[in-house]
Each structure stands twice: as structure tokens, then as C-alpha cells.
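Novice: Input structure: target-v5.cif, which contains mmCIF, C-alpha atoms.
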data_work
loop_
_atom_site.label_atom_id
_atom_site.label_comp_id
_atom_site.auth_asym_id
_atom_site.auth_seq_id
_atom_site.Cartn_x
_atom_site.Cartn_y
_atom_site.Cartn_z
CA MET A 1 18.55 12.71 21.04
CA LYS A 2 15.06 11.54 20.08
CA ILE A 3 14.63 8.72 17.58
CA LEU A 4 11.27 7.70 16.14
CA HIS A 5 10.71 4.03 15.23
CA THR A 6 8.02 3.03 12.75
CA SER A 7 7.63 0.29 10.14
CA ASP A 8 5.41 -1.48 7.62
CA TRP A 9 3.92 1.50 5.86
CA HIS A 10 3.11 -0.54 2.73
CA LEU A 11 2.80 2.54 0.53
CA GLY A 12 0.78 1.71 -2.58
CA GLN A 13 -1.33 -0.99 -0.93
CA HIS A 14 -4.74 -1.80 -2.37
CA PHE A 15 -7.11 -3.17 0.24
CA MET A 16 -9.91 -5.26 -1.27
CA GLY A 17 -10.00 -2.90 -4.23
CA LYS A 18 -9.59 0.24 -2.12
CA SER A 19 -6.57 2.52 -2.34
CA ARG A 20 -4.87 3.52 0.92
CA ARG A 21 -3.44 6.68 -0.65
CA ASP A 22 -5.49 9.15 1.42
CA GLU A 23 -4.75 7.28 4.66
CA HIS A 24 -1.02 7.25 4.02
CA LYS A 25 -1.07 10.92 3.06
CA ALA A 26 -2.93 11.81 6.28
CA PHE A 27 -0.54 9.67 8.34
CA ILE A 28 2.54 11.37 6.89
CA VAL A 29 1.07 14.81 7.59
CA TRP A 30 0.42 13.71 11.20
CA LEU A 31 3.90 12.20 11.46
CA LEU A 32 5.61 15.38 10.29
CA ALA A 33 3.63 17.38 12.87
CA LEU A 34 4.82 14.92 15.54
CA VAL A 35 8.44 15.29 14.38
CA ASP A 36 8.05 19.05 14.84
CA SER A 37 6.27 18.97 18.20
CA GLU A 38 8.54 16.32 19.76
CA SER A 39 11.77 17.70 18.23
CA ILE A 40 12.62 14.32 16.66
CA ASP A 41 16.23 14.06 15.46
CA ALA A 42 15.98 10.83 13.45
CA VAL A 43 13.35 8.46 12.06
CA ILE A 44 13.89 4.73 11.50
CA ILE A 45 11.53 2.86 9.16
CA ALA A 46 12.10 -0.84 9.85
CA GLY A 47 11.10 -2.34 6.52
CA ASP A 48 8.19 -2.63 4.07
CA ILE A 49 8.10 1.03 3.14
CA PHE A 50 6.32 -0.18 -0.01
CA ASP A 51 3.69 -2.87 -0.44
CA THR A 52 5.13 -4.34 -3.63
CA GLY A 53 8.39 -4.35 -5.55
CA SER A 54 6.75 -2.21 -8.25
CA PRO A 55 4.73 0.39 -6.33
CA PRO A 56 2.48 2.89 -8.16
CA SER A 57 3.96 6.24 -9.07
CA TYR A 58 2.05 8.11 -6.34
CA ALA A 59 3.66 5.86 -3.71
CA ARG A 60 7.14 6.67 -5.02
CA GLU A 61 6.26 10.36 -4.99
CA MET A 62 5.21 10.07 -1.32
CA TYR A 63 8.49 8.32 -0.54
CA HIS A 64 10.65 11.00 -2.14
CA GLN A 65 8.57 13.86 -0.72
CA LEU A 66 9.03 12.31 2.74
CA VAL A 67 12.80 12.49 2.27
CA LEU A 68 12.57 16.18 1.33
CA ASP A 69 10.26 16.96 4.25
CA MET A 70 12.64 15.27 6.70
CA LYS A 71 15.61 17.11 5.23
CA ALA A 72 13.77 20.43 5.64
CA ARG A 73 13.37 19.59 9.32
CA GLU A 74 17.01 18.53 9.70
CA CYS A 75 15.72 15.11 10.72
CA GLN A 76 17.79 12.11 9.63
CA LEU A 77 15.99 9.21 8.00
CA VAL A 78 17.10 5.58 8.08
CA ILE A 79 15.21 3.10 5.91
CA VAL A 80 15.85 -0.64 5.93
CA ALA A 81 14.30 -2.93 3.34
CA GLY A 82 11.56 -5.40 4.19
CA ASN A 83 10.45 -8.55 2.42
CA HIS A 84 7.92 -6.55 0.36
CA ASP A 85 10.54 -4.05 -0.83
CA SER A 86 12.52 -4.41 -4.03
CA VAL A 87 16.29 -4.19 -3.51
CA SER A 88 16.87 -2.86 -7.03
CA MET A 89 14.12 -0.24 -6.72
CA LEU A 90 15.46 1.07 -3.40
CA ASN A 91 18.96 1.13 -4.86
CA GLU A 92 17.84 3.38 -7.74
CA SER A 93 17.81 6.48 -5.52
CA LYS A 94 19.92 5.23 -2.59
CA SER A 95 23.08 7.21 -3.46
CA LEU A 96 21.15 10.38 -4.24
CA LEU A 97 19.14 10.20 -1.01
CA SER A 98 22.32 9.91 1.06
CA TYR A 99 23.02 13.56 0.19
CA LEU A 100 19.65 14.41 1.77
CA ASP A 101 20.49 12.75 5.14
CA THR A 102 18.55 9.61 4.24
CA GLN A 103 20.39 6.29 4.55
CA VAL A 104 18.89 3.22 2.86
CA SER A 105 19.97 -0.32 3.76
CA SER A 106 18.51 -2.46 0.99
CA GLN A 107 20.46 -5.71 1.31
CA ALA A 108 22.88 -7.44 3.69
CA ASN A 109 26.47 -7.01 2.53
CA LEU A 110 29.07 -9.23 4.24
CA ASP A 111 31.87 -7.49 2.34
CA ASP A 112 30.88 -4.01 3.46
CA LEU A 113 29.84 -4.09 7.11
CA GLU A 114 30.65 -0.37 7.34
CA SER A 115 27.55 0.37 5.26
CA HIS A 116 25.39 -1.18 7.99
CA VAL A 117 26.68 1.06 10.82
CA ILE A 118 25.10 4.48 10.52
CA PRO A 119 25.91 7.40 12.85
CA LEU A 120 23.04 9.56 14.06
CA ASN A 121 24.15 13.10 14.83
CA ASP A 122 22.61 15.65 17.15
CA LYS A 123 22.01 19.29 16.22
CA ASN A 124 25.66 20.07 16.98
CA GLY A 125 26.90 17.41 14.59
CA GLU A 126 28.06 15.09 17.39
CA VAL A 127 27.37 11.36 17.19
CA SER A 128 24.54 10.59 19.62
CA ALA A 129 23.71 7.03 18.54
CA TRP A 130 24.77 4.29 16.16
CA VAL A 131 22.26 2.39 14.06
CA CYS A 132 23.10 -1.18 13.06
CA ALA A 133 20.93 -1.05 9.95
CA VAL A 134 20.10 -4.68 9.19
CA PRO A 135 17.42 -5.16 6.49
CA TYR A 136 15.36 -8.25 5.69
CA LEU A 137 17.91 -11.07 5.52
CA ARG A 138 17.72 -13.44 2.58
CA PRO A 139 19.57 -16.75 3.06
CA LYS A 140 21.77 -16.12 0.01
CA ASP A 141 22.93 -12.84 1.55
CA VAL A 142 24.36 -14.39 4.72
CA MET A 143 25.32 -17.99 3.83
CA LYS A 144 26.17 -20.44 1.08
CA SER A 145 24.30 -23.71 0.86
CA THR A 146 26.25 -26.96 1.12
CA ALA A 147 25.30 -30.15 -0.70
CA GLY A 148 24.13 -33.04 1.44
CA GLN A 149 22.93 -30.96 4.38
CA SER A 150 19.87 -32.15 6.27
CA GLU A 151 16.94 -29.81 6.90
CA GLN A 152 17.96 -29.50 10.55
CA ASP A 153 21.57 -28.71 9.61
CA LYS A 154 20.39 -26.01 7.21
CA LYS A 155 18.19 -24.49 9.89
CA LEU A 156 20.95 -24.45 12.50
CA GLY A 157 23.46 -23.16 9.94
CA LEU A 158 21.21 -20.31 8.89
CA LEU A 159 20.48 -19.38 12.50
CA GLN A 160 24.22 -19.29 13.16
CA HIS A 161 24.93 -17.13 10.11
CA ILE A 162 22.18 -14.66 10.98
CA GLY A 163 23.49 -14.41 14.54
CA ASP A 164 27.05 -13.99 13.25
CA PHE A 165 25.99 -11.21 10.88
CA TYR A 166 24.23 -9.30 13.64
CA GLN A 167 27.21 -9.82 15.97
CA GLN A 168 29.73 -8.57 13.40
CA VAL A 169 27.75 -5.41 12.71
CA PHE A 170 27.26 -4.85 16.45
CA GLU A 171 30.98 -5.34 17.21
CA LEU A 172 31.88 -2.85 14.50
CA ALA A 173 29.53 -0.31 16.11
CA CYS A 174 31.15 -1.05 19.49
CA GLU A 175 34.61 -0.36 18.01
CA LYS A 176 33.40 2.96 16.64
CA ASN A 177 31.89 3.73 20.05
CA LYS A 178 35.29 3.29 21.73
CA ALA A 179 36.70 6.08 19.59
CA LEU A 180 34.18 8.55 21.04
CA LYS A 181 34.78 10.54 24.23
CA LEU A 182 31.51 9.26 25.62
CA PRO A 183 29.93 5.96 24.42
CA VAL A 184 26.47 6.38 22.89
CA PRO A 185 23.53 3.95 22.55
CA ILE A 186 23.58 1.35 19.78
CA ILE A 187 20.24 0.79 18.02
CA GLY A 188 19.62 -2.37 16.01
CA THR A 189 17.05 -3.01 13.29
CA GLY A 190 15.48 -6.10 11.84
CA HIS A 191 12.68 -7.16 9.53
CA LEU A 192 11.70 -10.69 10.49
CA THR A 193 9.57 -12.79 12.81
CA ALA A 194 11.02 -13.02 16.30
CA MET A 195 9.74 -15.55 18.82
CA GLY A 196 6.94 -14.12 20.90
CA GLY A 197 5.59 -11.85 18.17
CA GLN A 198 1.86 -12.05 17.48
CA VAL A 199 1.01 -11.81 13.78
CA SER A 200 -2.15 -10.69 11.99
CA GLU A 201 -3.99 -11.73 8.85
CA SER A 202 -2.15 -9.22 6.66
CA VAL A 203 1.32 -10.46 7.61
CA ARG A 204 2.71 -12.67 4.91
CA ASP A 205 4.23 -15.85 6.36
CA LEU A 206 7.92 -15.04 6.46
CA TYR A 207 10.45 -17.83 6.45
CA VAL A 208 14.10 -16.85 6.56
CA GLY A 209 15.26 -19.94 4.75
CA THR A 210 13.71 -22.69 6.87
CA LEU A 211 13.34 -20.62 10.05
CA GLU A 212 9.84 -19.53 10.98
CA ALA A 213 10.87 -17.37 13.93
CA LEU A 214 14.16 -16.33 15.48
CA PRO A 215 14.84 -16.53 19.23
CA THR A 216 15.77 -13.21 20.85
CA SER A 217 19.10 -14.78 21.89
CA VAL A 218 20.23 -14.33 18.27
CA PHE A 219 20.39 -10.56 18.71
CA PRO A 220 23.30 -8.77 20.41
CA LYS A 221 22.74 -6.54 23.44
CA PHE A 222 21.39 -3.54 21.60
CA ASP A 223 20.17 -0.62 23.68
CA TYR A 224 17.07 -0.81 21.49
CA LEU A 225 16.01 -3.12 18.65
CA ALA A 226 13.64 -1.57 16.10
CA LEU A 227 11.75 -4.43 14.47
CA GLY A 228 9.42 -4.57 11.50
CA HIS A 229 7.28 -7.16 9.68
CA ILE A 230 4.63 -7.87 12.34
CA HIS A 231 1.83 -5.33 12.08
CA ARG A 232 0.66 -5.41 15.70
CA ALA A 233 2.67 -3.14 17.97
CA GLN A 234 4.28 -5.23 20.71
CA ALA A 235 7.41 -5.76 22.76
CA ILE A 236 9.18 -9.13 22.63
CA THR A 237 11.35 -8.58 25.71
CA LYS A 238 10.25 -7.78 29.25
CA ASP A 239 12.03 -4.42 29.35
CA GLY A 240 10.31 -3.38 26.09
CA ARG A 241 13.56 -2.49 24.33
CA PHE A 242 13.19 -5.13 21.60
CA ARG A 243 9.98 -4.04 19.96
CA TYR A 244 7.74 -4.12 16.89
CA SER A 245 6.30 -0.68 16.21
CA GLY A 246 3.53 -2.19 14.09
CA SER A 247 2.00 -0.72 10.95
CA PRO A 248 0.61 2.84 11.11
CA ILE A 249 -2.74 1.86 9.56
CA PRO A 250 -4.74 -1.40 9.84
CA LEU A 251 -3.70 -3.58 6.90
CA SER A 252 -6.37 -6.20 7.63
CA PHE A 253 -9.66 -6.30 9.52
CA ASP A 254 -8.23 -8.49 12.27
CA GLU A 255 -5.88 -5.65 13.26
CA LEU A 256 -8.86 -3.63 14.49
CA GLY A 257 -9.45 -3.34 18.22
CA ARG A 258 -5.88 -2.38 19.07
CA ASP A 259 -4.44 1.10 18.84
CA LYS A 260 -1.87 1.70 16.15
CA SER A 261 1.26 3.34 17.50
CA LEU A 262 4.85 4.28 16.93
CA VAL A 263 7.79 4.50 19.30
CA ILE A 264 9.93 7.44 20.37
CA ILE A 265 13.28 6.56 21.93
CA ASP A 266 15.04 9.19 24.04
CA THR A 267 18.73 8.24 24.10
CA ALA A 268 19.42 10.73 26.91
CA ALA A 269 17.49 8.42 29.25
CA PHE A 270 19.55 5.33 28.40
CA GLY A 271 22.15 3.81 30.71
CA ASP A 272 24.75 6.01 32.38
CA GLN A 273 23.42 9.16 30.76
CA ALA A 274 20.19 8.87 32.78
CA LEU A 275 22.23 8.75 36.00
CA ALA A 276 23.98 11.97 35.10
CA MET A 277 20.75 13.96 35.24
CA ASP A 278 19.93 16.22 38.16
CA LEU A 279 18.74 14.10 41.09
CA PHE A 280 15.70 16.33 41.48
CA ASP A 281 14.64 15.99 37.82
CA GLU A 282 11.80 13.61 37.03
CA ARG A 283 13.14 10.37 35.57
CA GLN A 284 12.47 10.37 31.81
CA GLU A 285 11.36 7.05 30.34
CA PRO A 286 13.59 6.09 27.39
CA ILE A 287 10.72 4.53 25.42
CA GLN A 288 7.40 6.23 24.78
CA LEU A 289 4.50 4.94 22.67
CA HIS A 290 2.44 7.43 20.67
CA THR A 291 -1.02 6.38 19.51
CA ILE A 292 -1.71 7.04 15.83
CA PRO A 293 -5.13 8.47 14.93
CA THR A 294 -7.56 6.46 12.79
CA PHE A 295 -7.64 7.81 9.25
CA GLN A 296 -10.26 5.46 7.77
CA PRO A 297 -13.26 4.05 9.69
CA MET A 298 -13.32 0.25 9.53
CA GLN A 299 -15.48 -2.31 11.32
CA SER A 300 -15.63 -6.09 11.49
CA LEU A 301 -18.91 -7.68 12.63
CA LYS A 302 -19.49 -11.31 13.53
CA GLY A 303 -22.48 -13.36 14.62
CA ASN A 304 -25.61 -15.04 13.31
CA LEU A 305 -27.51 -13.12 10.65
CA LYS A 306 -30.02 -11.65 13.12
CA ASP A 307 -27.27 -10.34 15.39
CA VAL A 308 -25.24 -8.93 12.51
CA LEU A 309 -28.24 -7.03 11.12
CA LYS A 310 -28.86 -5.56 14.58
CA GLN A 311 -25.17 -4.61 14.90
CA ILE A 312 -25.35 -2.79 11.55
CA ALA A 313 -28.46 -0.91 12.68
CA ASP A 314 -26.70 0.13 15.90
CA LEU A 315 -23.50 1.39 14.26
CA PRO A 316 -22.79 5.01 15.40
CA LEU A 317 -22.48 6.51 11.92
CA THR A 318 -23.85 10.02 12.41
CA GLU A 319 -21.95 11.00 15.56
CA SER A 320 -18.48 9.53 15.83
CA LYS A 321 -17.55 8.70 19.40
CA THR A 322 -13.86 8.59 18.63
CA LYS A 323 -11.30 11.29 19.24
CA ASP A 324 -10.58 11.21 15.50
CA CYS A 325 -14.06 12.38 14.45
CA SER A 326 -12.74 15.40 12.53
CA ILE A 327 -10.35 13.20 10.55
CA LEU A 328 -13.06 10.64 9.77
CA GLU A 329 -15.74 13.15 8.81
CA GLY A 330 -17.24 12.46 5.41
CA LYS A 331 -15.63 9.02 5.03
CA ASN A 332 -17.60 5.85 4.40
CA LEU A 333 -17.20 2.98 6.83
CA TRP A 334 -15.42 -0.07 5.39
CA LEU A 335 -17.27 -3.12 6.66
CA GLU A 336 -16.42 -6.81 6.95
CA VAL A 337 -19.12 -9.25 8.03
CA THR A 338 -18.77 -12.85 9.17
CA VAL A 339 -22.09 -14.67 9.35
CA ILE A 340 -22.06 -17.74 11.57
CA ALA A 341 -24.65 -20.34 10.61
CA ASP A 342 -24.68 -24.11 10.28
CA GLU A 343 -27.35 -24.05 7.57
CA TYR A 344 -26.84 -22.49 4.13
CA LEU A 345 -28.51 -19.09 3.76
CA SER A 346 -28.92 -18.09 0.13
CA ASP A 347 -29.95 -14.47 0.73
CA VAL A 348 -27.19 -13.39 3.15
CA HIS A 349 -25.50 -10.90 0.81
CA LYS A 350 -28.82 -9.48 -0.38
CA ARG A 351 -30.04 -8.85 3.18
CA LEU A 352 -26.75 -7.23 4.17
CA VAL A 353 -26.87 -4.91 1.16
CA GLU A 354 -30.43 -3.95 2.08
CA ALA A 355 -29.31 -3.28 5.67
CA ILE A 356 -26.64 -0.78 4.62
CA GLU A 357 -28.71 0.93 1.92
CA GLY A 358 -28.69 4.69 2.44
CA LYS A 359 -25.93 4.47 5.04
CA PRO A 360 -22.32 5.69 4.60
CA ILE A 361 -21.09 2.07 4.54
CA GLU A 362 -19.16 0.08 1.95
CA LEU A 363 -19.43 -3.67 2.35
CA LEU A 364 -15.96 -4.95 1.44
CA ARG A 365 -16.15 -8.58 2.49
CA VAL A 366 -18.76 -11.14 3.52
CA MET A 367 -17.67 -14.46 4.97
CA ARG A 368 -19.70 -17.43 6.16
CA LYS A 369 -18.59 -19.81 8.88
CA SER A 370 -20.20 -22.70 10.66
CA ALA A 371 -20.20 -22.85 14.45
CA VAL A 372 -17.68 -25.69 14.25
CA GLU A 373 -15.28 -23.60 12.17
CA THR A 374 -15.62 -20.69 14.57
CA LYS A 375 -14.71 -22.81 17.57
CA ARG A 376 -11.77 -24.31 15.71
CA ASP A 377 -10.50 -20.86 14.70
CA ALA A 378 -10.70 -19.74 18.32
CA PHE A 379 -8.75 -22.80 19.40
CA GLU A 380 -6.08 -22.25 16.76
CA SER A 381 -5.66 -18.57 17.59
CA ARG A 382 -2.01 -17.59 17.69
CA GLN A 383 -2.54 -15.41 20.72
CA THR A 384 -1.17 -17.12 23.81
CA LEU A 385 -2.83 -17.16 27.22
CA SER A 386 0.17 -15.36 28.72
CA GLU A 387 -0.70 -12.31 26.60
CA LEU A 388 -4.33 -12.18 27.76
CA THR A 389 -6.06 -11.16 30.95
CA VAL A 390 -8.65 -13.48 32.52
CA LYS A 391 -11.39 -11.16 31.27
CA GLU A 392 -10.02 -11.18 27.70
CA VAL A 393 -9.97 -15.00 27.71
CA PHE A 394 -13.63 -15.05 28.81
CA GLU A 395 -14.60 -12.53 26.11
CA LYS A 396 -12.86 -14.57 23.42
CA ILE A 397 -14.71 -17.73 24.50
CA LEU A 398 -18.01 -15.83 24.26
CA GLN A 399 -17.11 -14.57 20.77
CA GLY A 400 -16.42 -18.10 19.64
CA SER A 401 -19.77 -19.42 20.89
CA ALA A 402 -22.24 -19.05 18.04
CA ASP A 403 -25.13 -20.56 20.02
CA ILE A 404 -25.08 -17.74 22.62
CA ASP A 405 -27.18 -14.73 21.61
CA GLU A 406 -26.58 -11.12 22.66
CA GLU A 407 -28.91 -11.16 25.69
CA GLU A 408 -27.37 -14.35 27.07
CA SER A 409 -23.93 -12.88 26.48
CA VAL A 410 -24.78 -9.85 28.63
CA ILE A 411 -26.09 -12.05 31.46
CA LEU A 412 -23.03 -14.32 31.38
CA THR A 413 -20.68 -11.32 31.32
CA ASN A 414 -22.36 -9.78 34.37
CA LEU A 415 -22.14 -13.09 36.26
CA PHE A 416 -18.50 -13.49 35.28
CA ASN A 417 -17.61 -9.95 36.40
CA HIS A 418 -19.37 -10.60 39.73
CA CYS A 419 -17.33 -13.79 40.25
CA LEU A 420 -14.13 -11.99 39.29
CA ILE A 421 -14.73 -9.22 41.84
CA GLU A 422 -15.46 -11.78 44.58
CA MET A 423 -12.29 -13.70 43.74
CA GLU A 424 -10.14 -10.54 43.80
CA GLU A 425 -11.63 -9.47 47.15
CA SER A 426 -10.97 -12.94 48.57
CA GLN A 427 -7.34 -12.81 47.42
CA GLU A 428 -6.88 -9.36 49.01
CA GLN A 429 -8.22 -10.62 52.34
CA GLN A 430 -5.87 -13.63 52.26
CA ALA A 431 -2.92 -11.35 51.49
#
Would you kindly transcribe this structure into C-alpha cells?
Specialist:
Amino acid sequence: MKILHTSDWHLGQHFMGKSRRDEHKAFIVWLLALVDSESIDAVIIAGDIFDTGSPPSYAREMYHQLVLDMKARECQLVIVAGNHDSVSMLNESKSLLSYLDTQVSSQANLDDLESHVIPLNDKNGEVSAWVCAVPYLRPKDVMKSTAGQSEQDKKLGLLQHIGDFYQQVFELACEKNKALKLPVPIIGTGHLTAMGGQVSESVRDLYVGTLEALPTSVFPKFDYLALGHIHRAQAITKDGRFRYSGSPIPLSFDELGRDKSLVIIDTAAFGDQALAMDLFDERQEPIQLHTIPTFQPMQSLKGNLKDVLKQIADLPLTESKTKDCSILEGKNLWLEVTVIADEYLSDVHKRLVEAIEGKPIELLRVMRKSAVETKRDAFESRQTLSELTVKEVFEKILQGSADIDEEESVILTNLFNHCLIEMEESQEQQA
């Protein structure tokens, strides 16, 4: 069985006055083609299907059309609520959608754990996986506050209740698994911030009660944990089985520079089932990442005013060098500019507007930062050194140095690369 994991669609989002309707429409068309070509049996959307609790009518239409399109493909759909989603709005059509093979988990229900364990059936109607559908957890859904508790007691109590809720749902799935002739994988979901996850500008700070981030030890031993809320695709465990799929489109400029992706899980390659395959068959990886095309050209430029104007002049607007050139054809580039200068420049916006005149560019945001602010922002970056290569660390230091112009940057980069090669050769000889 093949299960597709995605999250954080944010249907109905307006981005600095721009609608994302066309991008979401193009993404769904691409997604449906992927479901067909990869023979996907089920799709899990791990929260934030909508951007607000009262999404525009076109976003609701997309949502319901998606359900119909999945039903036409005999592809099951599991949707768990995120912190942006309205419980009452999702509940409006929840019962009706269940008749179309779409299961919606809108709110944690301690009195009905059965509703959180969803069977995923193969084409023959046999259970091939269980989904522990856990939505965004609000403190009131999993615990009752007690008078006189300290902040630390509340934090520990909430952590315990969240862990207990996950464990109860997981144990119920395990009990159901025992009733089957052959145990099947158990997939968990979650919409929260787990320790190790790297957030972006568009991610709203999410505090489950007083907890900023949950340790992975809270979660049971799922065969796979489909997470949502953080928009950058990333794994939070070494084996890659506890993972954020990330949002399908960039929801902020600081999400640029990394491919958007979704995850396809092949349950046939999990555990004992993988051992049962023919010894001469190639081993199939249980987790595969699929890069999502770019549906709207976006660019973020940074530097002193002279450098930024040169970067604008050098933008490849006529001939797209990306593999998505046919998708992007005819679309204006959405541009963000950060001008780094210690002195106040009164004509920054005017000169930027003049620079893009006659070009297929829309200037969405202009920010000004001093060199001191830039260095501080680089220091306070949430990205840890363990997630970066030596070269990436060097590049980030260069980006945060406003007093280094483009020519000096090229010279320093060449020198650095030369030193790096010498160091690697020296290490090889010592080995």
C-alpha cells in the first residue's frame, strides 16, 4: 500500500495582498496526477488544510472538489485539523465526507478513542495500515487544569497528558492489529512543534499550553509519524520515519532556497513484510520524497542598495532556468528586497521601483536593516550547526557581512573552497 503524506496547504491564504488560489489549484492538479502515476492508495493531510477558520468560498470549493477527485480515484483521504483550522467548520461536512472515503479528525476526543484509529484498506478491501489520527491538541481537550499548580507543574502535566493520549490511541491500534491475520504498519499523525524541527517566518508560534516543543520520546513507536505545522520539509529522527512533509508552496520568503516536497510511504517495505520479498528483488525504500514544482516565481534579494540594484538587473526573467519554466510562463516574479545600510536612504523605494519598471516583477516588500541588525539576525538564526555543512556555515557568514561586496565575496569563496579541498585531501591521506 502507498500512502502520501502532505500538510499545511493553507487554502485561502492571502500573501501580502496576493491570492494563492492559482498556486493551490495548480498544486492539486499536479497532486492528482501523482496519485494516478504512483498508484497512491491513501492521502494524509496533517493539519492546516485552511489558512483561517473562515476561509473564502473558493477555498471550501477546492476542499470539497478534492474529496470528490480522491473518491473517483478510489483513494482514501485522511484529514487532521491544524491550529489554523476551525473545528466547527470541519465538523460541518465531516459526517457527509465519511461516505466519500474521507475521514476528518477535527478535535481530540478522550471519550471516543475509536474515532482516532482509522483503517486504510487496499484495493481488495483488506486492512493494510492503521492511522492514529491525532489532530492539533488543545490543552482543554486532553487535560483539566488544577488550581494552585505552578508553571512547571502545568508543563509537566500537559506533557504527560499528551503522551498518554498518544499512547492510548496507539495501544488501541495495536489491539486492532492483533485481530488481523498479519499485523500491518501503524501510522501516527500530529500537528505541533517537535524538538529538532526548524521553523520559518510563516509558522505561527505554536504553544501547546505552556510547551513550546515536544520531545520525540512523547510519541509511541509508530512505523511512521506524519507531522504538520512546520513548513520546511524535514525529518526529526535519524531513520527519517518521524517527519514533517512541509507546505506544498512557500508561505513566506524565507522558505525559498529549499525544495518543497511531499512524502510517499510504501507499507510493503516496512518491517517483516520487506523480508518476505524475493531475495533477488531490489530493496524498496519505505520512504520516498517527491519534489513539488514551483507554481509562482518568488525571489528574495539582500545587500546594500548598489548590490540589490545589480541583482535585479541580473535576474533571469526572459529565459527561466528552472525545470518548471512551462508552469511559470507568463507569471510575474514576486520580489522581496532587504536593503542593508547604516545610514538612512530616503529614495530606496523610488530607486527600486525604477529598477523594476518594464520588467515582469511585482515588488511585494521592502525592508531596511543596519549591518548590526543583520549580524544579530544571523546569530539568532534558529538553524543549528548540526544541520549545516561547513560550506553552508561559511556562506551564511558571508551573507551576514554587509561590509563585504560581491567581488570580495567571490574571492573569499574561492579561497575557502581551496582550503576545504586541501583539508579533505589531508584527511584522506591520514586515513
Novice: Figure out the distance between atom CA of A:Leu137 and atom CA of A:Gly157, please, to one decimal in Å.
Specialist: 14.0 Å
Novice: With only C-alpha atoms as the atoms that count, which of A:Ala235, A:Leu301, A:Val87, A:Ala173 lies nearest to A:Ser105?
Specialist: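 Smallest distance to A:Ser105 is found for A:Val87.
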Novice: Between atom CA of A:Ile79 and atom CA of A:Lys238, what is the distance in Å, rounded to a tenth?
Specialist: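 Calculated distance between atom CA of A:Ile79 and atom CA of A:Lys238 is 26.2 Å.
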Novice: Would you mind listing what lies within 12 Å of A:Gly17 as a PyMOL selection string, with only C-alpha atoms counted and same-chain residues fewer than 4 positions away left out?
Specialist: chain A and resi 12-13+334+362-365
Novice: I'd like the residues picked by the PyMOL selection byres ((chain A and resi 43-49) around 7) written out as a count of residues only, using the chain letters and numbers from the file.
Specialist: 30
Novice: Would you translate the PyMOL selection byres ((chain A and resi 336-353) around 6) into the concrete set of residues it matches in this file, as a list in words?
Specialist: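 For this structure, the PyMOL selection byres ((chain A and resi 336-353) around 6) resolves to Ser300, Leu301, Lys302, Gly303, Asn304, Leu305, Leu335, Glu354, Ala355, Ile356, Leu364, Arg365, Val366, Met367, Arg368, Lys369 and Ser370 of chain A.
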Novice: Pick out the closest residue to A:Glu395 from this set: A:Leu412, A:Ile40, A:Val308, A:Leu100. Count all atoms listed in the file.
Specialist: A:Leu412
Novice: Point out the residue among A:Leu182, A:Lys18, A:Glu422, A:Ile162 with the least atom-to-atom distance to A:Thr216, counting only C-alpha atoms.
Specialist: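 Result for the nearest residue to A:Thr216: A:Ile162.
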Novice: Which one is closest to A:Thr291: A:Ile264, A:Leu315, A:Ile236, A:Ile397? Count all atoms listed in the file.
Specialist: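 Comparing A:Ile264, A:Leu315, A:Ile236, A:Ile397 against A:Thr291, the winner is A:Ile264.
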Novice: Which residues are close to A:Asp141, i.e. within 9 Å by all atoms listed in the file, leaving aside same-chain residues fewer than 5 positions away? Reply as a list in words.
Specialist: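 Here the answer would be Gln107, Ala108, Asn109 and Leu110 of chain A.
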Novice: Can I get the selected residues back with C-alpha atoms, as a PDB file, keeping the file's coordinate frame?
Specialist:
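File selection00.pdb, as written:
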ATOM      1  CA  GLN A 107      20.460  -5.710   1.310  1.00  0.00           C
ATOM      2  CA  ALA A 108      22.880  -7.440   3.690  1.00  0.00           C
ATOM      3  CA  ASN A 109      26.470  -7.010   2.530  1.00  0.00           C
ATOM      4  CA  LEU A 110      29.070  -9.230   4.240  1.00  0.00           C
TER       5      LEU A 110
END
Novice: Any idea what the distance is between atom CA of A:Lys71 and atom CA of A:Leu32?
Specialist: 11.3 Å
Novice: Translate the PyMOL selection byres ((chain A and resi 115) around 10) into a concrete residue list for this structure, as a list of chain:residue names.
Specialist: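 With the PyMOL selection byres ((chain A and resi 115) around 10) on this model, the match is A:Gln103, A:Val104, A:Ser105, A:Ala108, A:Asn109, A:Leu110, A:Asp111, A:Asp112, A:Leu113, A:Glu114, A:His116, A:Val117, A:Ile118, A:Cys132, A:Ala133, A:Val134, A:Val169.
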Novice: For A:Ser128, list every protein, DNA or RNA residue within 10 Å, evaluated using only C-alpha atoms, and leave out those in the same chain fewer than 3 positions away; present the list as a CSV table (one decimal) with C-alpha atoms, keeping the file's coordinate frame.
Specialist:
chain,number,residue,atom,x,y,z
A,1,MET,CA,18.6,12.7,21.0
A,2,LYS,CA,15.1,11.5,20.1
A,41,ASP,CA,16.2,14.1,15.5
A,119,PRO,CA,25.9,7.4,12.8
A,120,LEU,CA,23.0,9.6,14.1
A,121,ASN,CA,24.2,13.1,14.8
A,122,ASP,CA,22.6,15.6,17.2
A,123,LYS,CA,22.0,19.3,16.2
A,124,ASN,CA,25.7,20.1,17.0
A,125,GLY,CA,26.9,17.4,14.6
A,180,LEU,CA,34.2,8.6,21.0
A,182,LEU,CA,31.5,9.3,25.6
A,183,PRO,CA,29.9,6.0,24.4
A,184,VAL,CA,26.5,6.4,22.9
A,185,PRO,CA,23.5,4.0,22.6
A,186,ILE,CA,23.6,1.4,19.8
A,267,THR,CA,18.7,8.2,24.1
A,268,ALA,CA,19.4,10.7,26.9
Novice: With 4 Å added on each side, what axis-aligned box encloses every listed atom of stretch 215-228 of chain A? Give the centre and edge lengths in Å to one decimal, as JSON.
Specialist:
{"center_x": 16.4, "center_y": -8.6, "center_z": 17.6, "size_x": 21.9, "size_y": 23.9, "size_z": 20.2}
Novice: For A:Pro360, which residue out of A:Ile187, A:Ser93, A:Ser88, A:Leu333 is the nearest one, using all atoms listed in the file?
Specialist: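 Using all atoms listed in the file, A:Pro360 sits closest to A:Leu333.
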Novice: Do you know which residues are at most 8 Å from stretch 23-28 of chain A counting only C-alpha atoms, after dropping those on the same chain fewer than 5 positions away, and could you put them as an mmCIF file with C-alpha atoms, keeping the file's coordinate frame?
Specialist:
data_model
loop_
_atom_site.group_PDB
_atom_site.id
_atom_site.type_symbol
_atom_site.label_atom_id
_atom_site.label_comp_id
_atom_site.auth_asym_id
_atom_site.auth_seq_id
_atom_site.Cartn_x
_atom_site.Cartn_y
_atom_site.Cartn_z
ATOM 1 C CA TRP A 9 3.920 1.500 5.860
ATOM 2 C CA LEU A 11 2.800 2.540 0.530
ATOM 3 C CA MET A 62 5.210 10.070 -1.320
ATOM 4 C CA LEU A 66 9.030 12.310 2.740
ATOM 5 C CA PRO A 248 0.610 2.840 11.110
ATOM 6 C CA ILE A 249 -2.740 1.860 9.560
ATOM 7 C CA PHE A 295 -7.640 7.810 9.250
ATOM 8 C CA GLN A 296 -10.260 5.460 7.770
#
Novice: List the spatial neighbours of A:Val218 as a ChimeraX atom specification - criterion: any atom at most 9 Å away, all atoms listed in the file, same-chain residues fewer than 5 positions off excluded.
Specialist: /A:159-160,162-164,166-167
Novice: Between A:Gly358, A:Pro220, A:Pro250, A:Pro55, single out the one closest to A:Ile292, counting all atoms listed in the file.
Specialist: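 Smallest distance to A:Ile292 is found for A:Pro250.
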